[in-house]
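What's in run.txt: compact mmCIF, C-alpha atoms and all ligand atoms
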```
# COMPACT_ATOMS: atom_id res chain seq x y z
CA MET A 4 101.86 98.12 103.52
CA LEU A 5 104.18 97.70 106.47
CA ALA A 6 101.29 98.26 108.86
CA GLU A 7 99.19 95.54 107.24
CA ALA A 8 102.07 93.09 107.38
CA GLN A 9 102.35 93.51 111.16
CA THR A 10 98.71 93.12 112.13
CA ARG A 11 95.99 90.51 111.78
CA VAL A 12 93.27 93.16 111.99
CA ARG A 13 91.00 93.19 108.92
CA ALA A 14 87.94 95.01 107.67
CA VAL A 15 85.14 92.82 106.30
CA PRO A 16 82.58 94.87 104.34
CA THR A 17 78.91 94.41 105.26
CA GLY A 18 78.00 93.93 101.61
CA GLY A 19 75.75 96.98 101.85
CA PRO A 20 76.35 100.49 100.50
CA LEU A 21 78.57 101.25 103.50
CA GLY A 22 79.86 99.67 106.69
CA ALA A 23 82.43 97.03 107.62
CA ASP A 24 83.16 94.71 110.51
CA ILE A 25 86.59 94.98 112.08
CA VAL A 26 87.78 91.48 112.96
CA ASP A 27 90.68 90.18 115.03
CA PHE A 28 90.80 93.47 116.89
CA ASP A 29 90.56 94.15 120.63
CA PRO A 30 89.77 97.81 121.46
CA GLY A 31 91.24 97.18 124.91
CA HIS A 32 94.65 96.04 123.64
CA PHE A 33 95.95 97.15 120.26
CA SER A 34 99.08 98.31 118.51
CA ASP A 35 99.65 101.38 116.38
CA GLU A 36 99.57 99.10 113.35
CA ASP A 37 96.18 97.72 114.40
CA MET A 38 94.89 101.24 114.85
CA ALA A 39 96.11 102.27 111.40
CA VAL A 40 93.98 99.52 109.85
CA VAL A 41 90.94 100.61 111.88
CA ARG A 42 91.35 104.26 110.85
CA GLN A 43 91.72 103.33 107.19
CA ALA A 44 88.63 101.10 107.40
CA LEU A 45 86.60 103.99 108.78
CA LEU A 46 87.73 106.20 105.89
CA ASP A 47 86.96 103.48 103.32
CA HIS A 48 83.67 102.16 104.73
CA LEU A 49 82.30 105.24 106.63
CA VAL A 50 80.86 103.07 109.44
CA ILE A 51 82.75 100.33 111.27
CA ARG A 52 81.55 97.75 113.76
CA ILE A 53 83.52 95.80 116.35
CA ARG A 54 81.44 92.94 117.76
CA SER A 55 81.53 91.30 121.17
CA THR A 56 83.66 93.97 122.79
CA ASP A 57 84.56 93.33 126.38
CA ILE A 58 86.01 96.63 127.59
CA ASP A 59 85.09 98.84 130.51
CA ASP A 60 84.19 102.48 130.08
CA VAL A 61 87.65 103.78 130.94
CA ALA A 62 89.12 101.61 128.19
CA PHE A 63 86.34 102.72 125.84
CA GLU A 64 87.24 106.35 126.51
CA ARG A 65 90.93 105.61 125.99
CA PHE A 66 90.20 103.87 122.69
CA GLY A 67 87.88 106.68 121.56
CA SER A 68 90.50 109.33 122.29
CA ARG A 69 92.75 107.72 119.68
CA PHE A 70 90.40 109.06 116.98
CA GLY A 71 90.57 112.71 118.04
CA GLU A 72 89.68 115.16 120.79
CA LEU A 73 86.66 113.87 122.71
CA LEU A 74 83.73 116.23 123.26
CA PRO A 75 82.40 116.63 126.80
CA SER A 76 78.97 115.20 127.59
CA PRO A 77 76.10 117.71 127.38
CA ASP A 78 75.46 117.51 131.12
CA PHE A 79 74.84 121.23 131.55
CA THR A 80 71.22 120.90 130.42
CA ARG A 81 70.25 118.20 132.88
CA SER A 82 68.90 117.98 136.36
CA ARG A 83 71.07 114.87 136.72
CA PRO A 84 74.24 113.89 134.86
CA VAL A 85 74.04 111.70 131.76
CA TYR A 86 77.78 111.05 131.81
CA LEU A 87 79.65 108.41 133.75
CA GLU A 88 81.48 109.41 136.90
CA ASN A 89 84.53 107.32 136.00
CA ALA A 90 84.54 108.24 132.31
CA ARG A 91 83.21 111.74 131.93
CA TYR A 92 83.26 111.88 128.14
CA VAL A 93 80.92 108.90 127.95
CA THR A 94 77.26 109.90 127.57
CA ILE A 95 74.44 107.49 128.32
CA ILE A 96 71.83 107.06 125.58
CA SER A 97 68.94 105.12 127.08
CA ASN A 98 65.24 104.64 127.66
CA VAL A 99 65.89 103.29 131.16
CA THR A 100 64.54 105.22 134.11
CA ASP A 101 65.73 105.14 137.69
CA ASP A 102 63.38 106.38 140.37
CA GLY A 103 61.18 107.80 137.58
CA LYS A 104 63.98 109.80 136.01
CA PRO A 105 65.75 108.95 132.73
CA ILE A 106 69.33 107.77 133.21
CA GLY A 107 70.29 108.96 129.73
CA GLU A 108 69.26 110.78 126.60
CA HIS A 109 66.85 110.21 123.69
CA GLY A 110 64.24 107.88 125.25
CA ASP A 111 62.69 105.15 123.09
CA GLY A 112 61.15 107.06 120.17
CA GLU A 113 62.15 107.24 116.54
CA LEU A 114 65.05 109.55 115.77
CA HIS A 115 64.68 110.91 112.25
CA TRP A 116 67.51 111.16 109.75
CA HIS A 117 70.23 113.59 110.85
CA THR A 118 73.96 114.12 111.28
CA ASP A 119 75.23 114.73 114.79
CA LEU A 120 75.60 118.35 115.88
CA ALA A 121 74.92 119.72 112.36
CA PHE A 122 73.12 122.56 114.16
CA THR A 123 76.43 123.84 115.54
CA ASP A 124 79.25 125.74 113.83
CA THR A 125 81.66 122.81 114.17
CA PRO A 126 79.68 119.53 114.07
CA SER A 127 81.22 116.44 115.62
CA ALA A 128 83.43 114.40 113.32
CA LEU A 129 82.87 110.89 114.69
CA THR A 130 80.30 109.27 116.95
CA MET A 131 80.86 105.94 118.73
CA LEU A 132 78.17 103.83 120.38
CA LEU A 133 78.87 100.84 122.59
CA ALA A 134 75.86 98.60 123.29
CA ARG A 135 75.61 97.83 127.02
CA GLU A 136 71.96 96.68 127.02
CA VAL A 137 69.81 95.93 123.98
CA PRO A 138 66.14 94.98 123.62
CA PRO A 139 65.39 91.65 121.87
CA THR A 140 64.27 93.58 118.80
CA GLY A 141 63.94 97.19 117.61
CA GLY A 142 66.06 100.28 118.09
CA ASN A 143 68.10 99.56 114.95
CA THR A 144 70.30 102.35 113.60
CA SER A 145 70.37 102.97 109.85
CA PHE A 146 73.20 104.73 108.03
CA ALA A 147 73.19 106.45 104.63
CA ASN A 148 76.22 106.89 102.38
CA MET A 149 76.46 110.59 101.57
CA TYR A 150 79.25 110.26 99.01
CA ALA A 151 76.88 108.00 97.07
CA ALA A 152 73.96 110.37 97.65
CA LEU A 153 75.88 113.22 96.03
CA GLY A 154 76.72 110.98 93.10
CA ALA A 155 73.05 110.04 92.70
CA LEU A 156 71.84 113.62 92.17
CA SER A 157 71.06 114.81 88.67
CA PRO A 158 73.81 116.90 87.03
CA GLU A 159 71.44 119.89 87.12
CA THR A 160 70.78 119.60 90.86
CA ARG A 161 74.46 119.06 91.60
CA GLU A 162 75.38 122.15 89.61
CA ARG A 163 72.70 124.14 91.40
CA ILE A 164 73.70 123.19 94.95
CA LYS A 165 77.39 123.93 94.35
CA ARG A 166 76.59 127.57 94.97
CA LEU A 167 74.03 127.07 97.73
CA ARG A 168 74.22 126.54 101.48
CA MET A 169 71.77 125.24 104.05
CA LYS A 170 70.70 126.64 107.38
CA HIS A 171 70.47 123.98 110.10
CA GLN A 172 67.99 125.28 112.63
CA ALA A 173 69.36 125.19 116.15
CA SER A 174 66.39 126.14 118.28
CA HIS A 175 64.48 122.82 118.41
CA ASN A 176 65.65 119.32 119.23
CA ALA A 177 64.68 116.06 117.55
CA GLN A 178 61.53 115.76 119.64
CA GLY A 179 60.38 119.30 118.72
CA GLY A 180 61.28 120.80 122.11
CA ARG A 181 63.34 123.97 122.51
CA ARG A 182 67.06 123.59 123.03
CA PRO A 183 68.69 125.34 125.97
CA GLY A 184 69.44 128.96 125.11
CA TYR A 185 66.55 129.18 122.63
CA LYS A 186 63.60 129.41 125.00
CA ASP A 187 62.51 132.79 123.59
CA ILE A 188 62.34 131.74 119.93
CA GLU A 189 58.67 131.90 118.94
CA THR A 190 58.79 131.67 115.15
CA ASP A 191 57.65 128.68 113.10
CA ASP A 192 59.06 130.26 109.93
CA VAL A 193 62.18 128.33 108.92
CA ARG A 194 63.58 131.50 107.29
CA GLU A 195 63.72 133.17 110.68
CA MET A 196 64.86 130.27 112.85
CA PRO A 197 68.42 130.63 114.17
CA GLY A 198 71.14 128.20 113.18
CA PRO A 199 74.49 127.84 111.43
CA ILE A 200 74.74 127.88 107.64
CA HIS A 201 76.82 125.10 106.09
CA PRO A 202 77.70 124.22 102.49
CA ILE A 203 75.40 121.58 100.97
CA ILE A 204 78.40 119.88 99.38
CA ARG A 205 81.30 119.45 101.78
CA THR A 206 84.76 118.05 101.28
CA HIS A 207 85.92 115.42 103.75
CA PRO A 208 89.16 116.72 105.30
CA LEU A 209 90.87 113.30 105.28
CA SER A 210 89.53 111.50 102.22
CA GLY A 211 89.37 114.65 100.07
CA ARG A 212 86.08 113.34 98.63
CA GLN A 213 82.93 115.43 98.29
CA ALA A 214 79.72 114.43 100.07
CA LEU A 215 76.20 115.75 100.34
CA TYR A 216 75.91 117.36 103.78
CA LEU A 217 72.48 117.58 105.44
CA GLY A 218 71.25 117.79 109.03
CA ARG A 219 67.60 117.36 109.96
CA ARG A 220 64.82 117.96 107.43
CA PHE A 221 62.78 119.77 110.07
CA GLY A 222 63.73 123.44 110.00
CA ALA A 223 66.12 123.14 107.04
CA TYR A 224 66.22 126.22 104.81
CA ILE A 225 68.34 127.27 101.85
CA PRO A 226 69.09 130.99 102.29
CA GLY A 227 68.46 133.16 99.24
CA LEU A 228 65.69 130.96 97.83
CA PRO A 229 61.97 131.70 98.08
CA LEU A 230 60.44 129.44 100.70
CA ALA A 231 58.61 127.19 98.21
CA GLN A 232 61.79 126.63 96.17
CA SER A 233 63.79 125.91 99.30
CA GLU A 234 61.21 123.37 100.48
CA ALA A 235 61.15 121.62 97.10
CA LEU A 236 64.94 121.42 96.86
CA CYS A 237 65.27 120.25 100.48
CA ASP A 238 62.67 117.53 99.78
CA GLU A 239 64.65 116.38 96.74
CA LEU A 240 67.99 116.34 98.59
CA PHE A 241 66.68 114.48 101.64
CA ALA A 242 64.78 111.96 99.50
CA THR A 243 67.96 111.20 97.58
CA ALA A 244 70.10 111.07 100.71
CA ASN A 245 67.79 108.68 102.53
CA ASP A 246 66.91 106.39 99.64
CA PRO A 247 66.99 102.75 100.86
CA SER A 248 69.38 101.80 98.04
CA ARG A 249 72.17 103.69 99.81
CA VAL A 250 71.32 102.67 103.38
CA TRP A 251 72.63 99.93 105.67
CA ALA A 252 70.95 99.08 109.00
CA GLN A 253 72.82 98.04 112.12
CA GLU A 254 70.86 95.51 114.20
CA TRP A 255 72.35 95.87 117.67
CA LYS A 256 73.79 93.00 119.64
CA LEU A 257 75.22 93.24 123.12
CA GLY A 258 78.85 94.38 122.96
CA ASP A 259 78.62 95.96 119.51
CA LEU A 260 80.83 99.01 119.19
CA VAL A 261 79.89 101.07 116.14
CA ILE A 262 81.80 104.14 114.94
CA TRP A 263 80.57 106.41 112.17
CA ASP A 264 81.83 109.49 110.37
CA ASN A 265 79.29 112.33 110.44
CA ARG A 266 81.08 114.08 107.58
CA CYS A 267 79.99 111.51 105.00
CA THR A 268 76.99 109.68 106.55
CA MET A 269 73.54 110.37 107.99
CA HIS A 270 71.75 108.13 110.48
CA ARG A 271 68.38 107.44 112.03
CA ARG A 272 67.03 105.17 114.77
CA ASP A 273 63.89 103.06 114.83
CA ALA A 274 61.53 103.46 117.76
CA PHE A 275 61.50 100.59 120.26
CA THR A 276 58.72 101.61 122.59
CA GLY A 277 57.68 98.75 124.85
CA LEU A 278 60.38 96.41 123.54
CA GLY A 279 62.72 96.52 126.53
CA ARG A 280 65.72 98.20 128.06
CA ARG A 281 68.35 99.75 125.81
CA ARG A 282 71.50 101.43 127.08
CA MET A 283 74.26 102.74 124.84
CA HIS A 284 77.44 104.47 125.89
CA ARG A 285 78.45 107.22 123.48
CA LEU A 286 81.60 109.14 122.64
CA THR A 287 81.96 111.93 120.08
CA THR A 288 85.02 113.67 118.65
CA ARG A 289 85.44 117.33 117.83
CA GLY A 290 84.95 118.20 114.18
CA GLU A 291 85.74 121.15 111.98
CA ARG A 292 83.67 123.82 110.24
CA PRO A 293 82.29 122.15 107.08
CA VAL A 294 83.84 123.45 103.85
FE FE B 301 72.59 111.02 116.21
```
Represent the structure of the file as structure tokens.
Amino acid sequence: MLAEAQTRVRAVPTGGPLGADIVDFDPGHFSDEDMAVVRQALLDHLVIRIRSTDIDDVAFERFGSRFGELLPSPDFTRSRPVYLENARYVTIISNVTDDGKPIGEHGDGELHWHTDLAFTDTPSALTMLLAREVPPTGGNTSFANMYAALGALSPETRERIKRLRMKHQASHNAQGGRRPGYKDIETDDVREMPGPIHPIIRTHPLSGRQALYLGRRFGAYIPGLPLAQSEALCDELFATANDPSRVWAQEWKLGDLVIWDNRCTMHRRDAFTGLGRRRMHRLTTRGERPV
């Protein structure tokens, strides 16, 4: 109460199944009271957006670090860095090339529904994207509310998945290529692919609420089930999770800063091939083992 009395910062819901705009807030200059409102908005709305930000990358990094421990950029896999020299936790996500080489990650193709770093033992908690260049159209990012997805399952399915876990295959990336460290994996059998096993229902450590927790559909497997049963249940869970009735799409504008919680949302990106330059600066925070 006290915090709200001392700040003008407000959350304005998008009107969709999740998401809110944070207004009267400057991520370059803010008080602890302002920050308390922003944190609460993220817990309440799962995705928050700050429009027309005018901060440099050092300030972006400083702001991001207020949400938790920042994860280093994955530069070890690259022939050239995809982080910024002056802000080393900031990763470039872009289709732009320089001298024929990509300046960042993920190109211009579609990125299917996923949660960030679900294929690791401790997936990232939050992801933040700051739009530095956007094409006139395309490249939208859609978010799904995974609290609502869990609530939308039939009582029978919910009862069934309470006792089940899911393997999130780690060997292949979103484009189907092998991830570093998995060059020798030859199998196409999801039962044999390597990857961490996480509960299908997880409890958010801050909100205390339960959410459906999925990664990518490709390579997902529910250990202990015959393959056909696992495939059918995975199809049902992903179809429920990604139903348009529980999805809100962010249409990027220059200066948009969007923060989402990977512990209670999934996201995907539209392709934007041939539509122009797009450059996002990304931060992620360290998460915990899902329980
Ligand atoms: Fe992602």
Exercise: A:Leu46 partners within 9 Å, all atoms listed in the file, chain neighbours under 5 positions left out, as a PDB file with C-alpha atoms, in the coordinates of the input:
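Writing done, so here's around_4.pdb:
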```pdb
ATOM      1  CA  VAL A  41      90.940 100.610 111.880  1.00  0.00           C
ATOM      2  CA  LEU A 209      90.870 113.300 105.280  1.00  0.00           C
ATOM      3  CA  SER A 210      89.530 111.500 102.220  1.00  0.00           C
ATOM      4  CA  ASP A 264      81.830 109.490 110.370  1.00  0.00           C
TER       5      ASP A 264
END
```
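You can rank A:Pro75, A:Pro126, A:Gly18, A:Pro202 by their closest distance to ligand FE 301 (chain B) using all atoms listed in the file, and at the top of that list sits A:Pro126.
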key: Close residues, stretch 116-122 of chain A itself excluded, 8 Å, all atoms listed in the file, min 2 positions apart in chain, as a PyMOL selection string   = chain A and resi 114+124-127+130+171-173+198-199+217-220+245+265+268-272
request  = Name all residues at most 12 Å from A:Ala147 (count only C-alpha atoms; drop same-chain ones fewer than 4 positions away) and give them as a PyMOL selection string.
outcome  = chain A and resi 19-22+48-50+116-118+151-153+214-217+241-253+263-272
task = Have a look at atom CA of A:Thr123 and atom CA of A:Arg292 and let me know their distance in Å, one decimal.
result =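 Computing the Euclidean distance for atom CA of A:Thr123 and atom CA of A:Arg292 yields 9.0 Å.
Computed from the coordinates, the atom CA of A:Asp60 to atom CA of A:Leu260 distance equals 11.9 Å.
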inquiry  = Using only C-alpha atoms and all ligand atoms for the distances, tell me which of A:Asp27, A:Glu36, A:Asp273, A:Asp102 is nearest to ligand FE 301 (chain B).
reply    = A:Asp273
query = atom CA of A:Thr287 and atom CA of A:Leu240 are how many Å apart?
reply = 26.0 Å
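The closest residue to ligand FE 301 (chain B), picked from A:Ala44, A:Leu167, A:Ile262, A:Val294 and counting only C-alpha atoms and all ligand atoms, is A:Ile262.
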note = Residue with the minimum atom-to-atom distance to A:Lys165, picked from A:Met149, A:Gln213, A:Arg135, A:His207 with all atoms listed in the file counted, is A:Gln213
Contacts of A:Lys186 at 10 Å (all atoms listed in the file; same-chain gap of 5+ positions) as a compact mmCIF listing (two decimals) with C-alpha atoms, in the frame of the given file:
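The resulting file, out.txt, is shown below:
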```
# COMPACT_ATOMS: atom_id res chain seq x y z
CA SER A 174 66.39 126.14 118.28
CA HIS A 175 64.48 122.82 118.41
CA GLY A 180 61.28 120.80 122.11
CA ARG A 181 63.34 123.97 122.51
```
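Checking A:His32, A:Thr206, A:Thr190, A:His115 one by one against ligand FE 301 (chain B), counting only C-alpha atoms and all ligand atoms, you find the shortest gap at A:His115.
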ask   = Which neighbours of A:Thr276 fall inside 9 Å, counting all atoms listed in the file, when residues of the same chain fewer than 4 positions from it are skipped, and could you give them as a ChimeraX atom specification?
value = /A:98,110-113,141-142
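Of the residues listed (A:Asp259, A:Asp29, A:Asp35, A:Glu108), A:Glu108 shows the shortest atom-to-atom separation from ligand FE 301 (chain B); distances use all atoms listed in the file.
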Please return stretch 46-70 of chain A, rebuilt to N, CA and C atoms, as a PDB file, keeping the file's coordinate frame.
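Just written: out_34.pdb:
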```pdb
ATOM      1  N   LEU A  46      87.709 105.314 107.063  1.00  0.00           N
ATOM      2  CA  LEU A  46      87.730 106.200 105.890  1.00  0.00           C
ATOM      3  C   LEU A  46      87.131 105.505 104.667  1.00  0.00           C
ATOM      4  N   ASP A  47      87.410 104.218 104.511  1.00  0.00           N
ATOM      5  CA  ASP A  47      86.960 103.480 103.320  1.00  0.00           C
ATOM      6  C   ASP A  47      85.489 103.097 103.392  1.00  0.00           C
ATOM      7  N   HIS A  48      85.006 102.755 104.600  1.00  0.00           N
ATOM      8  CA  HIS A  48      83.670 102.160 104.730  1.00  0.00           C
ATOM      9  C   HIS A  48      82.681 103.065 105.481  1.00  0.00           C
ATOM     10  N   LEU A  49      83.128 104.183 106.037  1.00  0.00           N
ATOM     11  CA  LEU A  49      82.300 105.240 106.630  1.00  0.00           C
ATOM     12  C   LEU A  49      81.679 104.879 107.984  1.00  0.00           C
ATOM     13  N   VAL A  50      81.354 103.592 108.158  1.00  0.00           N
ATOM     14  CA  VAL A  50      80.860 103.070 109.440  1.00  0.00           C
ATOM     15  C   VAL A  50      81.602 101.775 109.710  1.00  0.00           C
ATOM     16  N   ILE A  51      82.107 101.603 110.929  1.00  0.00           N
ATOM     17  CA  ILE A  51      82.750 100.330 111.270  1.00  0.00           C
ATOM     18  C   ILE A  51      82.108  99.760 112.532  1.00  0.00           C
ATOM     19  N   ARG A  52      82.153  98.442 112.611  1.00  0.00           N
ATOM     20  CA  ARG A  52      81.550  97.750 113.760  1.00  0.00           C
ATOM     21  C   ARG A  52      82.556  96.759 114.329  1.00  0.00           C
ATOM     22  N   ILE A  53      82.693  96.779 115.643  1.00  0.00           N
ATOM     23  CA  ILE A  53      83.520  95.800 116.350  1.00  0.00           C
ATOM     24  C   ILE A  53      82.566  95.028 117.251  1.00  0.00           C
ATOM     25  N   ARG A  54      82.441  93.724 117.023  1.00  0.00           N
ATOM     26  CA  ARG A  54      81.440  92.940 117.760  1.00  0.00           C
ATOM     27  C   ARG A  54      82.048  92.335 119.017  1.00  0.00           C
ATOM     28  N   SER A  55      81.162  92.033 119.953  1.00  0.00           N
ATOM     29  CA  SER A  55      81.530  91.300 121.170  1.00  0.00           C
ATOM     30  C   SER A  55      82.667  91.974 121.935  1.00  0.00           C
ATOM     31  N   THR A  56      82.618  93.288 122.033  1.00  0.00           N
ATOM     32  CA  THR A  56      83.660  93.970 122.790  1.00  0.00           C
ATOM     33  C   THR A  56      83.475  93.706 124.278  1.00  0.00           C
ATOM     34  N   ASP A  57      84.584  93.645 124.968  1.00  0.00           N
ATOM     35  CA  ASP A  57      84.560  93.330 126.380  1.00  0.00           C
ATOM     36  C   ASP A  57      85.467  94.317 127.107  1.00  0.00           C
ATOM     37  N   ILE A  58      85.164  95.610 126.963  1.00  0.00           N
ATOM     38  CA  ILE A  58      86.010  96.630 127.590  1.00  0.00           C
ATOM     39  C   ILE A  58      85.162  97.448 128.559  1.00  0.00           C
ATOM     40  N   ASP A  59      85.815  97.968 129.583  1.00  0.00           N
ATOM     41  CA  ASP A  59      85.090  98.840 130.510  1.00  0.00           C
ATOM     42  C   ASP A  59      85.060 100.254 129.933  1.00  0.00           C
ATOM     43  N   ASP A  60      84.397 101.147 130.639  1.00  0.00           N
ATOM     44  CA  ASP A  60      84.190 102.480 130.080  1.00  0.00           C
ATOM     45  C   ASP A  60      85.470 103.317 130.054  1.00  0.00           C
ATOM     46  N   VAL A  61      86.368 103.063 130.968  1.00  0.00           N
ATOM     47  CA  VAL A  61      87.650 103.780 130.940  1.00  0.00           C
ATOM     48  C   VAL A  61      88.437 103.379 129.697  1.00  0.00           C
ATOM     49  N   ALA A  62      88.431 102.089 129.396  1.00  0.00           N
ATOM     50  CA  ALA A  62      89.120 101.610 128.190  1.00  0.00           C
ATOM     51  C   ALA A  62      88.427 102.119 126.931  1.00  0.00           C
ATOM     52  N   PHE A  63      87.100 102.180 126.974  1.00  0.00           N
ATOM     53  CA  PHE A  63      86.340 102.720 125.840  1.00  0.00           C
ATOM     54  C   PHE A  63      86.754 104.171 125.577  1.00  0.00           C
ATOM     55  N   GLU A  64      86.843 104.945 126.640  1.00  0.00           N
ATOM     56  CA  GLU A  64      87.240 106.350 126.510  1.00  0.00           C
ATOM     57  C   GLU A  64      88.664 106.457 125.964  1.00  0.00           C
ATOM     58  N   ARG A  65      89.533 105.586 126.455  1.00  0.00           N
ATOM     59  CA  ARG A  65      90.930 105.610 125.990  1.00  0.00           C
ATOM     60  C   ARG A  65      91.002 105.275 124.500  1.00  0.00           C
ATOM     61  N   PHE A  66      90.243 104.254 124.108  1.00  0.00           N
ATOM     62  CA  PHE A  66      90.200 103.870 122.690  1.00  0.00           C
ATOM     63  C   PHE A  66      89.629 105.018 121.850  1.00  0.00           C
ATOM     64  N   GLY A  67      88.515 105.597 122.315  1.00  0.00           N
ATOM     65  CA  GLY A  67      87.880 106.680 121.560  1.00  0.00           C
ATOM     66  C   GLY A  67      88.796 107.873 121.370  1.00  0.00           C
ATOM     67  N   SER A  68      89.619 108.149 122.367  1.00  0.00           N
ATOM     68  CA  SER A  68      90.500 109.330 122.290  1.00  0.00           C
ATOM     69  C   SER A  68      91.576 109.158 121.228  1.00  0.00           C
ATOM     70  N   ARG A  69      91.767 107.941 120.744  1.00  0.00           N
ATOM     71  CA  ARG A  69      92.750 107.720 119.680  1.00  0.00           C
ATOM     72  C   ARG A  69      92.251 108.222 118.318  1.00  0.00           C
ATOM     73  N   PHE A  70      90.958 108.560 118.246  1.00  0.00           N
ATOM     74  CA  PHE A  70      90.400 109.060 116.980  1.00  0.00           C
ATOM     75  C   PHE A  70      90.361 110.582 116.930  1.00  0.00           C
TER      76      PHE A  70
END
```
